Each structure stands twice: as C-alpha cells, then as structure tokens.
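Input: a single structure, listed below in structure tokens.
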Amino acid sequence: MVGDVVNPAGERSGATGSGGRRSRSSTSQFGALGLSIADARVEASVLGVLDSVEAELRSSVASADPFVTEAARHLVEAGGKRFRPLLVALGAQFGDPAGAQVVPAAVVMELTHLATLYHDDVMDEAAVRRGAPSANSRWTNSVAILVGDYLFARAADIAADLGPEAVRLQARTFARLVHGQIAETVGPRDGVDPVDHYLDVIAEKTGSLIATSARFGGMFGTAAPEHTEALAGYGEIIGVAFQLSDDLLDISSESAQSGKTPGTDLREGVPTLPVLYASASDDSDAASVRLREILATGPITDDALHAEALGLLRESPALKRARETVRSYAEDARSHLAPLPDHPARRALESLCDFVADRTS
C-alpha cells in the first residue's frame with residue numbers, strides 16, 4: 001500500500017468549509033503528502049470533505065456489538081494521511097465538490113483501504129500499525145480477518161446507496177486488490193521478469209484503489225466524463241509512484257523521514273525495486289558483485305551484513321536507476337492531467353508529482 005505515514009488522529013482539521021485561513025492542522029495533514037493547495041477556497045472545501053469523512057468513518061463502522069465497534073474503529077482512530085479521500089475531494093473540484101455523494105464515495109474508498117490493512121497485517125504478521133498495536137497482535141488473527149471482512153461489507157453497503165456503477169467499480173477494484181495480493185504471494189512465474197511482476201503487483205494492490213478514488217471524485221462531483229477518465233489514469237500512476245518512492249526511502253532516508261527504521265525491507269527479505277535492480281545487475285565492479293552476494297542470501301538479519309548491504313545499496317547504480325523509474329512514473333502521472341482545465345485542484349495534483357519525484361533525490 002501507499003506509505004502509511006503516521007498522523008495523530010487529533011491533528012485532523014477542524015475546518016468547516018468556509019473562510020480561507022490555513023490552519024496548523026491542514027498544513028500537517030497535507031505536508032505528509034507534499035500537497036500544496038494555493039487557493040484558500042479549494043483548500044477549505046477539501047478540508048471540509050475530509051472532516052465529514054472522518055466523522056462518517058466512525059459512525060459507519062459502529063455495530064450493535066460493542067466489541068465489533070471497538071475493533072473496527074481501531075485503525076480509524078489511529079489516523080493516517082487519508083490519501084484516498086483526499087483524491088476523491090480533489091477530483092470533485094472539477095465538478096461540484098459539495099455534491100451529496102462525494103463524502104460517502106470517499107468513505108467507501110477509505111473503508112476498503114482500511115479493510116486491506118487488517119488483512120495485510122495478518123499476512124505480514126505485523127505487530128504495529130500507525131504507531132499502535134495491530135489488530136492481530138491486540139486480539140487475534142481470526143478477529144483481524146473478520147473485522148477486515150466487516151469493513152469490506154460496510155463499504156459495499158454504502159456503495160449500494162451510490163448506485164450500481166459504484167458497486168461495480170468497488171467490486172472490480174477489490175478484485176484487483178486480491179489479484180495483486182495473490183500475485184505477490186505466489187511470486188513471479190517462470191519466464192516473467194521479476195521487475196515487471198513487481199510493478200504489476202503494485203499497480204494491482206496500490207494503484208487500483210487510488211485510481212478508483214480519483215475516479216469517484218470525478219463521478220460523484222459530476223465532472224465531465226473525459227475529466228473523470230483523466231483523474232482515474234492519474235490516480236493509478238501516482239499510486240504506483242508513491243509506493244516506489246517508499247521503497248527508495250526505506251534505503252536512502254533516516255527513520256524520521258520514512259517513519260520506520262532504514263533497511264526494514266532488507267531485513268525482512270522484501271524484494272523492493274532497488275533490490276530487484278541490484279539483483280538483476282550484471283555490473284562487474286566489486287561493490288555490485290558483493291551486493292548481489294549478500295542479497296542472494298534472502299532476509300538479512302545479521303546486523304553487520306545488514307549495515308554493509310544498506311551502505312552498498314545507497315551507493316549503487318541500482319538505487320540511481322530506481323530513482324529514475326520513480327521520476328518516470330511521476331511525469332507519466334502528470335501527463336494524465338493534461339485534459340483537465342486549469343484549476344487550483346489540478347495544480348495541487350501536479351504538486352504531488354513534484355513531491356514524489358523529489359522526496360527520494
């Protein structure tokens with residue numbers, strides 16, 4: 001999934017949608033994504049949508065069973081960037097951002113995302129999510145899986161009120177998410193390039209939901225069909241770009257920037273883009289050969305080897321190539337915005353392209 005930078009739930013903005021004063025909370029909320037909204041009215045409108053989404057998230061997961069409510073609200077209350085609702089809100093700016101279905105559409109997207117996090121944490125045996133104990137570590141794997149299912153059901157229920165097309169799109173997006181997870185679990189088949197396989201997995205697991213979020217913004221903001229299609233294309237590519245940039249941050253950044261200890265993916269044996277490039281390299285210099293030797297051993301749990309591999313990766317041609325790949329995706333995402341009219345929301349979406357390209361330089 002797109003990098004899950006921790007934002008305390010209490011930092012959620014209190015904007016009401018009127019006025020134009022930039023609050024400290026809005027700066028924090030957008031800053032984690034590198035988003036710049038230069039127009040005060042558009043910013044207030046987007047923040048108003050996000051505030052409404054926040055309230056609706058809490059009410060939509062409530063159950064007659066107090067335990068289900070507590071478990072379902074666990075990640076809602078842990079906060080997060082709300083990237084998917086943000087794209088719904090920005091996409092709606094190209095039509096009627098105050099449309100009655102914009103907020104429910106954003107809630108559907110965030111509930112679907114949260115449901116995948118419950119399931120991901122079980123598969124990854126994660127102990128922490130967004131700075132809090134994961135649901136599976138706090139309760140059990142079975143509870144976490146069932147709560148994820150419950151959130152998917154709630155998302156589908158809300159989507160039904162948006163009409164058959166919303167249900168169809170949400171279901172197809174869910175199917176892509178599952179296909180991506182299966183492909184990641186199984187690994188590349190014989191004859192399939194590992195890099196191509198990895199990029200396909202990211203498009204399915206991450207890009208698909210972000211694409212539908214941007215599409216929902218256009219649809220339920222009643223934007224022109226060609227603008228809605230442009231938004232969906234942008235969403236898919238920028239979602240992949242963000243995930244790839246997270247791969248690079250795991251190697252190149254300090255923990256304060258990435259939100260986790262550098263080299264975590266290396267230690268866990270997660271084959272991210274720089275690692276895949278390095279492993280496939282035929283460079284014959286001593287550093288490249290040594291790096292391939294270490295990477296071939298799988299998860300690097302030995303502290304000395306881990307430090308050596310991290311240092312070699314940071315200086316490797318593979319990291320440079322991965323940076324170029326991220327920039328290519330960011331520019332591709334920007335190109336999808338070409339059909340959109342000149343609007344502060346378009347410039348805000350362009351600022352995400354700049355951010356994702358620059359954050360790993």
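We name chains A, B, ... following the order of the structure tokens; residues begin at 1 in each chain, and ligands are numbered from 1 as shown.
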Q.
Quick one: residues within 6 Å of Ile300 of chain A, only C-alpha atoms, excluding same-chain residues fewer than 2 positions away - as a list in words?
A.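 These residues fall inside the cut-off: Arg267, Asp302 and His306 of chain A.
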For all heavy atoms, I'd like the residues from the last selection saved as a PDB file, in the first residue's frame.
```pdb
ATOM      1  N   ARG A 267      15.918  -6.266   5.844  1.00  0.00           N
ATOM      2  CA  ARG A 267      15.983  -7.197   6.981  1.00  0.00           C
ATOM      3  C   ARG A 267      14.901  -8.265   6.874  1.00  0.00           C
ATOM      4  O   ARG A 267      15.097  -9.410   7.297  1.00  0.00           O
ATOM      5  CB  ARG A 267      15.840  -6.414   8.294  1.00  0.00           C
ATOM      6  CG  ARG A 267      16.186  -7.217   9.535  1.00  0.00           C
ATOM      7  CD  ARG A 267      16.138  -6.347  10.783  1.00  0.00           C
ATOM      8  NE  ARG A 267      17.172  -5.325  10.793  1.00  0.00           N
ATOM      9  CZ  ARG A 267      18.420  -5.517  11.179  1.00  0.00           C
ATOM     10  NH1 ARG A 267      18.813  -6.725  11.565  1.00  0.00           N
ATOM     11  NH2 ARG A 267      19.296  -4.527  11.177  1.00  0.00           N
ATOM     12  N   ASP A 302      21.527 -10.502  10.041  1.00  0.00           N
ATOM     13  CA  ASP A 302      22.795 -10.214  10.716  1.00  0.00           C
ATOM     14  C   ASP A 302      23.071  -8.714  10.638  1.00  0.00           C
ATOM     15  O   ASP A 302      23.057  -8.119   9.556  1.00  0.00           O
ATOM     16  CB  ASP A 302      23.925 -10.983  10.040  1.00  0.00           C
ATOM     17  CG  ASP A 302      25.277 -10.695  10.677  1.00  0.00           C
ATOM     18  OD1 ASP A 302      25.582 -11.304  11.702  1.00  0.00           O
ATOM     19  OD2 ASP A 302      25.998  -9.822  10.130  1.00  0.00           O
ATOM     20  N   HIS A 306      23.696  -6.539   7.316  1.00  0.00           N
ATOM     21  CA  HIS A 306      22.625  -5.586   7.007  1.00  0.00           C
ATOM     22  C   HIS A 306      23.214  -4.195   6.777  1.00  0.00           C
ATOM     23  O   HIS A 306      22.870  -3.512   5.802  1.00  0.00           O
ATOM     24  CB  HIS A 306      21.603  -5.566   8.140  1.00  0.00           C
ATOM     25  CG  HIS A 306      20.458  -4.630   7.897  1.00  0.00           C
ATOM     26  ND1 HIS A 306      20.469  -3.311   8.294  1.00  0.00           N
ATOM     27  CD2 HIS A 306      19.270  -4.823   7.283  1.00  0.00           C
ATOM     28  CE1 HIS A 306      19.344  -2.735   7.949  1.00  0.00           C
ATOM     29  NE2 HIS A 306      18.592  -3.627   7.326  1.00  0.00           N
TER      30      HIS A 306
END
```
Q | DSSP strand (DSSP E) residues within segment 108-299 of chain A, as a PyMOL selection string | A | chain A and resi 128-129+132-133
**Q.** Non-local contacts of Val68 of chain A (12 Å; only C-alpha atoms; under 2 positions in same chain excluded) as an MDAnalysis selection string
**A.** chainID A and resid 61:66 70:74 135 139 143:144 146:151
Okay, now the selection with C-alpha atoms, as an mmCIF file, in the first residue's frame?
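Okay, this is what ended up in selection.cif:
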```cif
data_model
loop_
_atom_site.group_PDB
_atom_site.id
_atom_site.type_symbol
_atom_site.label_atom_id
_atom_site.label_comp_id
_atom_site.auth_asym_id
_atom_site.auth_seq_id
_atom_site.Cartn_x
_atom_site.Cartn_y
_atom_site.Cartn_z
ATOM 1 C CA VAL A 61 -18.248 1.143 11.411
ATOM 2 C CA ALA A 62 -20.433 1.236 14.528
ATOM 3 C CA SER A 63 -22.101 -2.072 15.341
ATOM 4 C CA ALA A 64 -24.688 -3.318 17.785
ATOM 5 C CA ASP A 65 -21.841 -5.370 19.255
ATOM 6 C CA PRO A 66 -19.503 -3.086 21.262
ATOM 7 C CA GLU A 70 -14.050 -1.194 19.103
ATOM 8 C CA ALA A 71 -12.108 -3.459 16.761
ATOM 9 C CA ALA A 72 -13.468 -1.795 13.612
ATOM 10 C CA ARG A 73 -12.609 1.668 14.903
ATOM 11 C CA HIS A 74 -9.117 0.595 15.894
ATOM 12 C CA ALA A 135 -5.448 -5.633 15.395
ATOM 13 C CA TRP A 139 -6.679 -9.530 19.537
ATOM 14 C CA VAL A 143 -10.522 -11.333 14.706
ATOM 15 C CA ALA A 144 -8.418 -9.140 12.419
ATOM 16 C CA LEU A 146 -13.167 -10.926 10.311
ATOM 17 C CA VAL A 147 -13.015 -7.207 11.093
ATOM 18 C CA GLY A 148 -11.436 -6.622 7.688
ATOM 19 C CA ASP A 149 -14.334 -8.544 6.142
ATOM 20 C CA TYR A 150 -16.775 -6.437 8.143
ATOM 21 C CA LEU A 151 -15.225 -3.227 6.798
#
```
Give one line per residue of segment 14-109 of chain A that approaches segment 337-350 of chain A to at most 9 Å, naming the two atoms of the closest pair and their distance in Å to one decimal, counting only C-alpha atoms; sort by chain then ascending residue number and deliver it as JSON lines.
```
{"residue": "A:Leu35", "atom": "CA", "partner": "A:Ala348", "partner_atom": "CA", "distance": 6.1}
{"residue": "A:Ser36", "atom": "CA", "partner": "A:Ala348", "partner_atom": "CA", "distance": 5.3}
{"residue": "A:Ile37", "atom": "CA", "partner": "A:Ala348", "partner_atom": "CA", "distance": 5.2}
{"residue": "A:Ala38", "atom": "CA", "partner": "A:Pro344", "partner_atom": "CA", "distance": 6.7}
{"residue": "A:Asp39", "atom": "CA", "partner": "A:Pro344", "partner_atom": "CA", "distance": 6.1}
{"residue": "A:Val42", "atom": "CA", "partner": "A:Pro344", "partner_atom": "CA", "distance": 7.1}
{"residue": "A:Glu43", "atom": "CA", "partner": "A:Ala345", "partner_atom": "CA", "distance": 8.9}
{"residue": "A:Leu87", "atom": "CA", "partner": "A:Leu349", "partner_atom": "CA", "distance": 8.5}
{"residue": "A:Leu90", "atom": "CA", "partner": "A:Ala345", "partner_atom": "CA", "distance": 5.8}
{"residue": "A:Gly91", "atom": "CA", "partner": "A:Ala345", "partner_atom": "CA", "distance": 7.6}
{"residue": "A:Gln93", "atom": "CA", "partner": "A:Ala345", "partner_atom": "CA", "distance": 6.4}
{"residue": "A:Phe94", "atom": "CA", "partner": "A:Ala345", "partner_atom": "CA", "distance": 7.7}
```
Compile a residue-level contact table for segment 130-189 of chain A against segment 106-121 of chain A at a cut-off of 10 Å, reporting for every qualifying residue the shortest atom pair and its distance in Å to one decimal, with only C-alpha atoms counted, rows ordered by chain and ascending number, as CSV.
```
residue,atom,partner,partner_atom,distance
A:Ser134,CA,A:Asp121,CA,6.9
A:Ala135,CA,A:Tyr118,CA,6.8
A:Asn136,CA,A:Asp121,CA,6.9
A:Ser137,CA,A:Asp121,CA,9.0
A:Asn141,CA,A:Asp121,CA,8.7
A:Ser142,CA,A:His119,CA,9.9
A:Val143,CA,A:Tyr118,CA,9.4
A:Ala144,CA,A:Tyr118,CA,5.6
A:Ile145,CA,A:His119,CA,5.6
A:Leu146,CA,A:Tyr118,CA,8.9
A:Val147,CA,A:Tyr118,CA,7.3
A:Gly148,CA,A:Ala115,CA,4.2
A:Asp149,CA,A:Ala115,CA,6.7
A:Tyr150,CA,A:Ala115,CA,7.9
A:Leu151,CA,A:Ala115,CA,5.4
A:Phe152,CA,A:Thr112,CA,5.6
A:Ala153,CA,A:Thr112,CA,8.9
A:Arg154,CA,A:Leu111,CA,7.6
A:Ala155,CA,A:Val108,CA,4.7
A:Ala156,CA,A:Val108,CA,7.3
A:Asp157,CA,A:Val108,CA,8.8
A:Ile158,CA,A:Val108,CA,6.5
A:Ala159,CA,A:Val108,CA,6.3
A:Leu162,CA,A:Val108,CA,9.8
A:Ala166,CA,A:Val108,CA,9.4
A:Val167,CA,A:Val108,CA,9.9
A:Gln170,CA,A:Met109,CA,8.1
A:Thr173,CA,A:Thr112,CA,9.4
A:Phe174,CA,A:Thr112,CA,7.9
A:Leu177,CA,A:Thr116,CA,8.4
A:Val178,CA,A:Thr116,CA,9.3
A:Gln181,CA,A:Asp120,CA,9.0
```
Q: Could you give me, as number ranges by chain, the residues within 9 Å of Val240 of chain A, counting only C-alpha atoms and dropping anything in the same chain fewer than 5 positions from it?
A: A: 2, 199, 202-203, 206-207, 235, 245, 326, 329-330
Q. Which value, in Å to one decimal, gives the distance between atom CA of Gln101 of chain A and atom CA of Met219 of chain A?
A. 9.3 Å
Q.
Applying 12 Å and only C-alpha atoms, which residues near Val356 of chain A remain after dropping the ones on its own chain fewer than 4 positions away? List them as a PyMOL selection string.
A. chain A and resi 2-3+32-35+237-249+323-331+333-334+349-352+360-361
Writer output for current selection, C-alpha atoms, as a CSV table (one decimal), in the first residue's frame:
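Full text of out-v5.csv as output:
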```
chain,number,residue,atom,x,y,z
A,2,VAL,CA,0.9,3.6,-0.3
A,3,GLY,CA,3.3,4.6,2.5
A,32,ALA,CA,2.9,14.5,4.9
A,33,LEU,CA,1.9,14.1,1.2
A,34,GLY,CA,3.8,17.2,-0.1
A,35,LEU,CA,0.5,18.5,-1.3
A,237,ILE,CA,0.1,6.0,-11.9
A,238,ILE,CA,0.7,8.4,-8.9
A,239,GLY,CA,-0.2,5.5,-6.6
A,240,VAL,CA,2.5,3.3,-8.1
A,241,ALA,CA,4.9,6.2,-7.9
A,242,PHE,CA,4.3,6.8,-4.2
A,243,GLN,CA,4.8,3.1,-3.4
A,244,LEU,CA,8.0,3.0,-5.4
A,245,SER,CA,9.3,6.1,-3.7
A,246,ASP,CA,8.6,4.4,-0.3
A,247,ASP,CA,10.8,1.6,-1.5
A,248,LEU,CA,13.6,4.1,-2.0
A,249,LEU,CA,13.0,5.9,1.3
A,323,ARG,CA,15.1,7.0,-8.7
A,324,GLU,CA,14.9,7.4,-12.5
A,325,THR,CA,12.0,5.0,-12.5
A,326,VAL,CA,10.1,6.9,-9.9
A,327,ARG,CA,10.6,10.2,-11.8
A,328,SER,CA,9.3,8.5,-14.9
A,329,TYR,CA,6.1,7.4,-13.2
A,330,ALA,CA,5.7,10.9,-11.6
A,331,GLU,CA,6.0,12.5,-15.1
A,333,ALA,CA,1.1,10.8,-13.8
A,334,ARG,CA,1.4,14.5,-14.6
A,349,LEU,CA,-2.4,17.2,-8.1
A,350,GLU,CA,0.7,18.3,-10.0
A,351,SER,CA,2.3,19.2,-6.7
A,352,LEU,CA,2.0,15.5,-5.7
A,360,THR,CA,14.0,10.4,-2.8
A,361,SER,CA,16.5,12.7,-4.6
```
Q) Which polymer residues have any atom within 12 Å of an atom of Thr264 of chain A, counting only C-alpha atoms, with same-chain residues fewer than 4 positions away left out, as a ChimeraX atom specification? A) /A:246-255,258-260,268-272,299-301,303,306-307,309-310
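Residue nearest Leu273 of chain A within the list A:Gly221, A:Gly311, A:Pro188, A:Pro194: A:Pro194 [criterion: smallest interatomic distance, only C-alpha atoms].
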Q: Could you check how far atom CA of Ala78 of chain A sits from atom CA of Gly99 of chain A, in Å to one decimal?
A: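 Interatomic distance, atom CA of Ala78 of chain A to atom CA of Gly99 of chain A: 27.9 Å.
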